[in-house]
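S.K.: There's a structure below that I have some questions on.
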Number of protein chains: 2
Amino acid sequence: MHNSFIIKGNVCQTINPKELDLHENAFVICVNGVSKGIFNTIPDEFKNLPIYDYGDALIFPGMIDMHVHAPQFAFRGTSMDLELMDWLNRYTFPEEEKYEDLEYAKKAYDMFVKALKESATTRSVIFATRHRYATELLMELMEASGLISYVGKVNMDREASDNLTEKNADVSAYTTFGWINAVKDKFTRTKPILTPRFIPCCTDKLMEELREIQMAYGIPVQSHLSESKGEIDFVKFLRPKNSFYGDSYNEYDLFGKNDDIGVDVKTVMAHCVWSTDEEVELMHKNGVFVAHCPASNMNLTSGIAPIRKYLDLGLNVGLGSDVAGGHSLSIFRAITDAIQSSKMYFRMVNENYKPLVFSESFYLATKGGGEFFGKVGSFEDGYDFDAIVLNDNVLSHPQTLNLAERMERAVYLGLDEKNLTAKFVAGTKVL
Amino acid sequence: MHNSFIIKGNVCQTINPKELDLHENAFVICVNGVSKGIFNTIPDEFKNLPIYDYGDALIFPGMIDMHVHAPQFAFRGTSMDLELMDWLNRYTFPEEEKYEDLEYAKKAYDMFVKALKESATTRSVIFATRHRYATELLMELMEASGLISYVGKVNMDREASDNLTEKNADVSAYTTFGWINAVKDKFTRTKPILTPRFIPCCTDKLMEELREIQMAYGIPVQSHLSESKGEIDFVKFLRPKNSFYGDSYNEYDLFGKNDDIGVDVKTVMAHCVWSTDEEVELMHKNGVFVAHCPASNMNLTSGIAPIRKYLDLGLNVGLGSDVAGGHSLSIFRAITDAIQSSKMYFRMVNENYKPLVFSESFYLATKGGGEFFGKVGSFEDGYDFDAIVLNDNVLSHPQTLNLAERMERAVYLGLDEKNLTAKFVAGTKVL
């Protein structure tokens, strides 16, 4: 049996958002890359599988990064004193221009993929740049890493720097056809995702062509939505007919499922900080995923997304690092940032929306985002076997800690940075 | 000459809050523990001093932690789903009770001091517990570490758990006299600070006795102020005569300088999240320092302190980790948390208060808090020589970075954790 084995350790997960599911000295069984569940003793039928015994270590499901810009990893943690539109024009676009040069792209993407591989993230939804060949290179590197991802060649035919803007909608569409044809059956773990940068950078004609491409290939969609006030005003100016921002995507059937015409486009929208009630309602109806990126929303002074409201309404929500609006690739950090943000929203904005508790935010980082990939984000029977193993004995403490405390502490203190003992993605050991 | 030498590297500091002061491949000269300034070439008079050449490394002033609870280090990063008063009663007080046991205190404080020594912090203002002997033990460990600190035996004679509350005001005062007499001339680097826990835990009688103790010894004061809404309501209930929380300290002359009676009590108050205009005005008049602890204020759902307002009014402000309301000892983290918090305050609460920029927050972490210790927080001529040396070549990047970008990135990416090459406190090399 390929990718079949048992791991042993202290298993920590969230099956639902309301509580931690903890198993001391337990066995997780993986058969053909899929979990058979968590056991206190090994059932007879699995007695012959090899065992990785991780002793007293912690075992978590892998983290899901629902929104990250690979080319922005180069300047993470710099230029954080600006808001979105200035930050894009002054730092982001000039850096992304460089990916025309495949040698530079190789150097930069090697660093990104290495860092992602060494992190707690097992799956991610990635923006590349508008450059086809650099994007294919990134996909090759991602595939070789063993991680699972969606990667998008960006579409953008207006409102960026001259060197970054694609010549016109036809060129953008043509390049995208070429790219999808080249990559769609090439990789096992790495799949293309349609990636209009955001409405300000996409002409109506380009959106029309992206609709055609989506229908031709049935691939999922990622973009940005209602992130910052300046951006939203600009979208209103550009598309006065649409009553809200998300309607601009929906008009081109790039916004989740649409029962009227019988399409179901798997879609993730980053941010949704300022989504109107109408927009939220449509996202709910269409099953659009929210990629909540709290660090980025703080760094770029965008605001705080009302995640409690979205959860109460039943929206699909996962967490994103949004490097380099977010400065860290760590999804552990995103878990605690999401909690802190929700606390500030509760205290400073609206006390009707209770703060997220730890189990809820951990759930968003695992099963919440994992649903975008299928049955992913826990060790329940039938779920893809994504696991990270952490050695928390590097964190000193004089008193006894229970497993819940060890789990919370590992996340708050960022144990994912350089303290991974092992990492598995769909049953493949990548670290 | 004792503690006289030169260090060489890329020097990054803030002389004022508005701009970075950067010197590539520069020399910082230390004579008798005091900086002589930053030079491009070594002046003749210092030619004979030994040189530590740190090559391409970054050199920053040491970080100042204006508020940290040593006994809470044990449970940092756990129990973060509660607000202040519940958190104190359910986690903090039970943990602090254990410091009656000197064996436990030794074990726990060894861990705290080791972590603080390995951090970027060179000076700190520390809460111990109400236990005299454990506090003396902590002071001995701090002294041995080479770090400089104020350490306070806590006073608390009501409203905590039975085992933690001191029997009465007289016992609290008597113990405090004994403690101060034992430690006031014992150490070079470690000094006592008067530490009423906060108004809810101190009877009027105890406050009266602390006034006497302060006047007898002239030592500085630290406490908590206007942190959370529940706490403030409780203070209003306990002390209806005082028109605002800080007035309760001021009534006992434990709130900065008081020209009316000619006293000048160096005072730092942690948090000041909800300080009223009256309170802020008095803090300004009396020169009271604010210890801004953004991580703690987020974790305990306290709120966001309007630091821009305090800076505009000319208050003294430094940063605090507030472990374990804050989960990390890192003042680098506090720098970025302070920026993020101020951005959320600006965006979500009041757009009249512009977000902090990086240079401002770095200033707060160095010269802002440093002023509590004297001429501390930069390499200007006459300032105490506190320095950290950081190796940022562990952070990969494909492009060229200038020194300002390297400085900002080192702070955002938390390079203080385990990447210190060297550390000096008042000219003593401690790492």
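Here, A, B, ... name the chains of the structure tokens in the order displayed, residue numbers run from 1 inside each chain, and ligands are numbered from 1 in the same displayed order.
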Please find the residues of chain A near chain B - the criterion being any atom within 7 Å, counting only C-alpha atoms - and write them as a list of chain:residue names.

M.R.: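 Applying the cut-off to the listed atoms yields A:Ala74, A:Gly77, A:Thr78, A:Asp81, A:Lys107, A:Ala108, A:Met111, A:Met298, A:Asn299, A:Thr301, A:Gly303, A:His327, A:Ser328, A:Gln340, A:Lys343, A:Met344, A:Arg347, A:Met348, A:Val349, A:Val357, A:Phe358, A:Ser396, A:His397, A:Pro398, A:Glu405, A:Glu408, A:Arg409, A:Tyr412, A:Leu413.
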
S.K.: Output C-alpha atoms for every residue in the selection just made, as a PDB file, in the first residue's frame.

M.R.:
ATOM      1  CA  ALA A  74      10.807  38.858  -1.323  1.00  0.00           C
ATOM      2  CA  GLY A  77       8.141  42.815   6.510  1.00  0.00           C
ATOM      3  CA  THR A  78       9.190  45.965   4.672  1.00  0.00           C
ATOM      4  CA  ASP A  81       3.784  52.290   6.556  1.00  0.00           C
ATOM      5  CA  LYS A 107      15.901  32.683  -7.323  1.00  0.00           C
ATOM      6  CA  ALA A 108      12.914  34.293  -5.614  1.00  0.00           C
ATOM      7  CA  MET A 111      13.174  30.980  -1.451  1.00  0.00           C
ATOM      8  CA  MET A 298      -3.941  45.490  10.037  1.00  0.00           C
ATOM      9  CA  ASN A 299      -0.669  46.251   8.218  1.00  0.00           C
ATOM     10  CA  THR A 301      -4.775  49.823   7.611  1.00  0.00           C
ATOM     11  CA  GLY A 303      -9.762  47.416   8.765  1.00  0.00           C
ATOM     12  CA  HIS A 327       4.476  39.960   6.854  1.00  0.00           C
ATOM     13  CA  SER A 328       4.585  36.335   7.976  1.00  0.00           C
ATOM     14  CA  GLN A 340      -6.980  39.389  18.351  1.00  0.00           C
ATOM     15  CA  LYS A 343     -11.488  40.929  20.005  1.00  0.00           C
ATOM     16  CA  MET A 344     -10.767  44.445  18.778  1.00  0.00           C
ATOM     17  CA  ARG A 347     -14.544  45.859  21.874  1.00  0.00           C
ATOM     18  CA  MET A 348     -14.074  48.847  19.593  1.00  0.00           C
ATOM     19  CA  VAL A 349     -16.721  48.402  16.891  1.00  0.00           C
ATOM     20  CA  VAL A 357     -12.123  31.660  20.676  1.00  0.00           C
ATOM     21  CA  PHE A 358      -9.042  29.550  20.041  1.00  0.00           C
ATOM     22  CA  SER A 396      10.244  25.968  28.968  1.00  0.00           C
ATOM     23  CA  HIS A 397       7.660  25.908  31.751  1.00  0.00           C
ATOM     24  CA  PRO A 398       7.930  25.130  35.467  1.00  0.00           C
ATOM     25  CA  GLU A 405      -2.643  24.383  27.036  1.00  0.00           C
ATOM     26  CA  GLU A 408      -2.710  26.835  22.467  1.00  0.00           C
ATOM     27  CA  ARG A 409       0.800  27.764  23.573  1.00  0.00           C
ATOM     28  CA  TYR A 412       0.567  31.569  20.243  1.00  0.00           C
ATOM     29  CA  LEU A 413       4.329  31.232  20.576  1.00  0.00           C
TER      30      LEU A 413
END

S.K.: Taking 6 positions as the minimum chain separation for residues in the same chain, which residues sit within 7 Å of Val125 of chain A when counting only C-alpha atoms? Answer as a PyMOL selection string.

M.R.: chain A and resi 65-68+149-151

S.K.: Mind giving me the straight-line distance from atom CA of Gly62 of chain A to atom CA of Asp386 of chain A in Å, one decimal?

M.R.: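 Answer for the atom CA of Gly62 of chain A to atom CA of Asp386 of chain A separation: 5.0 Å.
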
S.K.: Going by DSSP on the backbone, which bits of segment 230-271 of chain B are alpha helix (DSSP H)? Write them as a list in words, please.

M.R.: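 These are the residues in question: Gly230, Glu231, Ile232, Asp233, Phe234, Val235, Lys236, Phe237, Leu238, Tyr245, Gly246, Asp247, Ser248, Tyr249 and Asn250 of chain B.
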
S.K.: Which residues come within 9 Å of Leu313 of chain A, counting only C-alpha atoms, excluding same-chain residues fewer than 2 positions away, as a list in words?

M.R.: Val280, Glu281, His284, Arg308, Lys309, Tyr310, Leu311 and Leu315 of chain A
